[in-house]
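As structure tokens, the structure follows; a few thoughts come after it.
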Amino acid sequence: MSPILKITNLSKVYDSGFHALKGIDLEIKRGELFALLGPNGAGKTTLISIICGIVNASGGTVTVDGHDIARDFRAARAEIGLVPQELTTDAFETVWATVNFSRGLFGKPKNHAIVEKVLKDLSLWDKRDNKLITLSGGMKRRVLIAKALAHEPRVLFLDEPTAGVDVELRRDMWRVVRRLQETGVTIILTTHYIEEAEDLADRVGVINGGEIILVEDKVELMRKLGRKQLILHLADPLEAVPETLAERGLELGQNGETLVYTYDTQAERTGITALLKDLHAAGIRFRDLQTRQSSLEDIFVNLVKAPS
Amino acid sequence: MNFHAIKAIYRFEMARTGRTLFQSIVSPVLSTSLYFVVFGAAIGSRIEEVDGVSYGAFIVPGLIMLSLLTQSVSNASFGIYFPRFTGTIYEVLSAPVSYLEIVIAYVGAAATKSILVGLIILATAHLFVPLDIQHPVWMLLFLMLTAVTFALLGFILGIWADNFEKLQFVPLLVVTPLAFLGGSFYSINMLPPFWQTVTLFNPVVYLISGFRWSFYGQADVSIGLSVFMTFLFLVICLAVISWIFKTGWRLRA
């Protein structure tokens with residue numbers, strides 16, 4: 001199946017000379033939830049802005065469902081919905097008017113049933129006659145999502161949609177996102193909350209310094225790059241790691257009550273058997289043991305910290 | 001053509017007008033009435049007829065033009081500047097709309113509003129002086145052409161401006177003086193020959209002269225020249241706008 005979004009050698013140099021994107025190549029599969037991670041200033045918003053038509057590219061091409069975003073901008077943009085990072089709404093319009101406005105703007109005829117459904121899905125139906133200026137930040141965020149969905153897009157961009165949003169709204173939002181994905185909508189998400197990407201994403205891309213440094217299936221990524229830790233809860237606390245175990249790279253935790261061993265799951269030998277033998281020889285007894293897989297956050301931090 | 005989008009933007013802009021309806025109607029009616037009290041009744045009664053028309057009636061086309069020019073410029077500039085200022089412009093830029101459609105919608109709404117204001121002033125003037133419009137079709141044509149042309153100018157201004165001060169600058173410091181000096185309140189024949197020549201460099205002279213001709217059949221410059229100059233100005237504005245959209249100047253980084 002052809003990708004819904006194809007980005008080829010995309011670059012952006014701002015007038016100030018800032019090289020925001022350096023030859024990005026990326027393909028997004030139909031119907032997937034793709035999480036784009038990256039530190040501030042990495043180029044996430046620039047990338048989304050170019051695809052959506054808000055910023056002009058300096059070079060390269062982007063196609064949305066086969067439509068070039070420059071040559072065939074009408075067809076390309078009609079398929080896209082964008083929830084921007086900033087909470088920008090008109091002040092004096094009502095929720096109902098602004099969501100209907102968005103639908104018209106994207107070239108769709110009036111359809112009150114669809115707008116009603118979108119508002120109900122986002123728990124905005126009761127607020128439909130409220131002016132936007134009277135809404136809380138979280139409600140405004142919902143309105144921005146409703147506006148992005150009003151024209152029934154096939155691709156939805158969520159640019160850090162949960163920044164500054166309370167837990168309840170976040171849960172609501174992810175419920176809506178999952179439901180959208182079930183109906184075949186492709187979702188591209190940028191977020192700072194890596195646990196969100198970990199929960200929701202099918203694939204993860206990491207962008208840093210205007211370059212895509214990694215694109216990987218999430219499960220595969222966590223398997224590949226995941227470091228695992230073996231945590232041993234000691235029967236008798238230790239003051240220091242015994243000399244005989246020094247070269248194993250053990251760390252003492254929780255006031256000497258645990259010993260933490262970090263190992264690479266991909267290595268030929270994890271060293272666990274030898275470690276346990278040595279512990280036995282040193283007379284260290286333990287009451288419990290557990291293993292912990294590193295999170296996407298750990299992986300991410302390691303990736304962007306690595307010297308390029 | 002994305003007609004749904006044109007309609008959406010046009011209705012959005014007209015809704016903005018609707019919310020300030022009181023101010024939109026009362027303020028031009030009030031200021032026109034004041035002009036009539038001052039220039040028509042108080043001072044005008046001591047001025048003889050100009051080109052065979054009573055002074056009160058003579059200033060009506062100029063008064064309408066004065067409001068039409070400033071209203072068109074400020075409506076259109078505000079209409080496009082405000083979404084840039086608040087950031088809501090992202091939606092228009094990301095929508096499947098062409099530049100032409102954006103211009104038609106924003107400029108159309110701004111021009112509609114100023115034409116309404118112009119007609120309201122005309123009706124108000126009618127309460128003070130008898131009006132006899134000799135060429136009503138031309139009158140409406142001039143009204144519409146001028147409103148559209150200056151709304152285009154306002155649109156350019158709204159894209160150029162990066163603060164509210166600049167937004168006010170052109171209507172206050174350029175359009176209003178040009179309208180006052182363009183023969184709103186006098187016939188340029190009343191000026192000394194040197195100033196008559198200088199005045200011919202003021203584009204607003206041609207608009208007011210042509211507009212006044214449609215009322216009384218009297219003009220400072222030939223009607224053909226007035227029509228030509230109005231169209232020339234329209235074409236210049238369109239050229240600038242097409243350049244702006246081609247380069248994405250101030251709209252797309």
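Residue numbers start at 1 in each chain; chains themselves are named A, B, ... in the order of the structure tokens; ligands are numbered from 1 in the order shown.
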At a cut-off of 7 Å, list the chain A residues touching chain B, using only C-alpha atoms, as number ranges by chain. A: 52-56, 73-74, 77-78, 88-90, 101, 104-109
Could you give me, as JSON, numbers by chain, each residue of stretch 81-223 of chain B that DSSP assigns to helix (DSSP H, G or I) when run on this structure's backbone? {"B": [81, 82, 83, 84, 85, 86, 89, 90, 91, 92, 93, 94, 99, 100, 101, 102, 103, 104, 105, 106, 107, 108, 109, 110, 111, 112, 113, 114, 115, 116, 117, 118, 119, 120, 121, 122, 123, 124, 125, 126, 127, 128, 136, 137, 138, 139, 140, 141, 142, 143, 144, 145, 146, 147, 148, 149, 150, 151, 152, 153, 154, 155, 156, 157, 158, 159, 160, 164, 165, 166, 167, 168, 169, 170, 171, 172, 173, 174, 175, 176, 177, 178, 179, 180, 181, 182, 183, 184, 188, 189, 190, 193, 194, 195, 196, 197, 198, 199, 203, 204, 205, 206, 207, 208, 209, 210, 211, 212, 213, 214, 215, 216, 223]}
Include C-alpha atoms and write out the residues we just selected as a tab-separated table (two decimals), in the first residue's frame.
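Listed below is the output, result06.tsv:
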```
chain	number	residue	atom	x	y	z
B	81	TYR	CA	-4.15	41.90	10.21
B	82	PHE	CA	-6.12	40.65	13.21
B	83	PRO	CA	-5.88	36.93	12.38
B	84	ARG	CA	-2.16	37.46	11.75
B	85	PHE	CA	-1.89	39.13	15.13
B	86	THR	CA	-3.80	36.44	17.04
B	89	ILE	CA	-4.39	32.90	10.20
B	90	TYR	CA	-2.87	29.40	10.39
B	91	GLU	CA	-6.26	27.98	9.49
B	92	VAL	CA	-6.69	30.04	6.33
B	93	LEU	CA	-3.11	29.29	5.25
B	94	SER	CA	-3.57	25.55	5.78
B	99	TYR	CA	-4.96	33.45	-2.98
B	100	LEU	CA	-7.66	34.75	-5.28
B	101	GLU	CA	-10.34	33.20	-3.07
B	102	ILE	CA	-8.80	34.71	0.06
B	103	VAL	CA	-8.74	38.16	-1.55
B	104	ILE	CA	-12.29	37.89	-2.91
B	105	ALA	CA	-13.61	36.94	0.52
B	106	TYR	CA	-11.74	39.45	2.68
B	107	VAL	CA	-11.85	42.36	0.23
B	108	GLY	CA	-15.45	41.60	-0.72
B	109	ALA	CA	-16.56	41.75	2.92
B	110	ALA	CA	-14.61	44.95	3.61
B	111	ALA	CA	-15.99	46.60	0.47
B	112	THR	CA	-19.54	45.49	1.30
B	113	LYS	CA	-19.32	47.12	4.69
B	114	SER	CA	-17.96	50.42	3.37
B	115	ILE	CA	-20.54	50.52	0.55
B	116	LEU	CA	-23.25	50.11	3.21
B	117	VAL	CA	-21.71	52.95	5.18
B	118	GLY	CA	-21.58	55.07	2.00
B	119	LEU	CA	-25.25	54.44	1.34
B	120	ILE	CA	-26.13	55.26	4.95
B	121	ILE	CA	-24.28	58.57	4.62
B	122	LEU	CA	-26.13	59.25	1.39
B	123	ALA	CA	-29.44	58.64	3.14
B	124	THR	CA	-28.40	60.86	6.06
B	125	ALA	CA	-27.33	63.63	3.67
B	126	HIS	CA	-30.70	63.41	2.02
B	127	LEU	CA	-32.24	64.56	5.30
B	128	PHE	CA	-30.21	67.80	5.15
B	136	PRO	CA	-27.22	56.75	-10.57
B	137	VAL	CA	-25.65	53.78	-12.35
B	138	TRP	CA	-22.29	55.55	-12.59
B	139	MET	CA	-22.68	56.66	-9.01
B	140	LEU	CA	-23.05	53.05	-7.85
B	141	LEU	CA	-20.25	51.94	-10.14
B	142	PHE	CA	-17.85	54.54	-8.72
B	143	LEU	CA	-18.96	53.64	-5.21
B	144	MET	CA	-18.23	49.97	-5.76
B	145	LEU	CA	-14.99	50.43	-7.69
B	146	THR	CA	-13.59	52.80	-5.10
B	147	ALA	CA	-14.64	50.58	-2.22
B	148	VAL	CA	-12.99	47.53	-3.81
B	149	THR	CA	-9.83	49.41	-4.78
B	150	PHE	CA	-9.30	50.85	-1.32
B	151	ALA	CA	-10.22	47.59	0.34
B	152	LEU	CA	-7.40	46.05	-1.74
B	153	LEU	CA	-5.11	48.81	-0.50
B	154	GLY	CA	-6.25	48.04	3.04
B	155	PHE	CA	-5.57	44.34	2.50
B	156	ILE	CA	-1.99	45.17	1.43
B	157	LEU	CA	-1.67	47.39	4.48
B	158	GLY	CA	-2.95	44.64	6.78
B	159	ILE	CA	-0.30	42.28	5.43
B	160	TRP	CA	2.46	44.88	5.60
B	164	PHE	CA	-1.29	48.36	15.39
B	165	GLU	CA	0.44	51.69	14.93
B	166	LYS	CA	1.32	50.91	11.33
B	167	LEU	CA	-2.24	49.75	10.83
B	168	GLN	CA	-3.54	53.18	11.80
B	169	PHE	CA	-0.81	55.04	9.95
B	170	VAL	CA	-2.12	54.85	6.40
B	171	PRO	CA	-5.81	55.69	6.97
B	172	LEU	CA	-4.99	58.53	9.34
B	173	LEU	CA	-1.86	60.03	7.85
B	174	VAL	CA	-2.23	59.23	4.16
B	175	VAL	CA	-5.83	58.56	3.13
B	176	THR	CA	-7.57	61.23	5.23
B	177	PRO	CA	-5.25	64.12	4.17
B	178	LEU	CA	-5.43	63.03	0.53
B	179	ALA	CA	-9.24	62.95	0.72
B	180	PHE	CA	-9.41	66.37	2.38
B	181	LEU	CA	-6.98	67.84	-0.15
B	182	GLY	CA	-8.59	65.96	-3.02
B	183	GLY	CA	-11.54	68.28	-3.30
B	184	SER	CA	-13.97	66.82	-0.77
B	188	ILE	CA	-10.05	72.42	-7.37
B	189	ASN	CA	-10.91	75.31	-9.70
B	190	MET	CA	-11.10	77.41	-6.54
B	193	PRO	CA	-3.14	77.66	-10.63
B	194	PHE	CA	0.03	76.31	-8.96
B	195	TRP	CA	-1.91	74.30	-6.39
B	196	GLN	CA	-4.32	73.11	-9.06
B	197	THR	CA	-1.37	71.45	-10.79
B	198	VAL	CA	-0.05	69.99	-7.54
B	199	THR	CA	-3.49	68.61	-6.72
B	203	PRO	CA	-5.11	60.21	-6.92
B	204	VAL	CA	-8.15	60.90	-4.75
B	205	VAL	CA	-8.97	63.98	-6.86
B	206	TYR	CA	-9.97	61.70	-9.74
B	207	LEU	CA	-12.18	59.55	-7.54
B	208	ILE	CA	-14.02	62.48	-5.97
B	209	SER	CA	-14.32	64.35	-9.24
B	210	GLY	CA	-15.81	61.36	-11.03
B	211	PHE	CA	-18.12	60.60	-8.15
B	212	ARG	CA	-19.33	64.20	-8.01
B	213	TRP	CA	-19.92	64.11	-11.74
B	214	SER	CA	-22.32	61.18	-11.26
B	215	PHE	CA	-24.35	63.41	-8.92
B	216	TYR	CA	-24.32	66.82	-10.59
B	223	ILE	CA	-14.91	61.66	-16.50
```
Which is closer to A:Arg223 than all the others in A:Gln293, A:Thr190, A:Thr258, A:Asn208, using only C-alpha atoms? A:Gln293
Could you pull the residues within 10 Å of A:Ala281, counting only C-alpha atoms, minus those fewer than 5 positions along the same chain, as a PyMOL selection string? chain A and resi 244+275-276
d(atom CA of B:Glu49, atom CA of B:Leu200) in Å: 23.1 Å
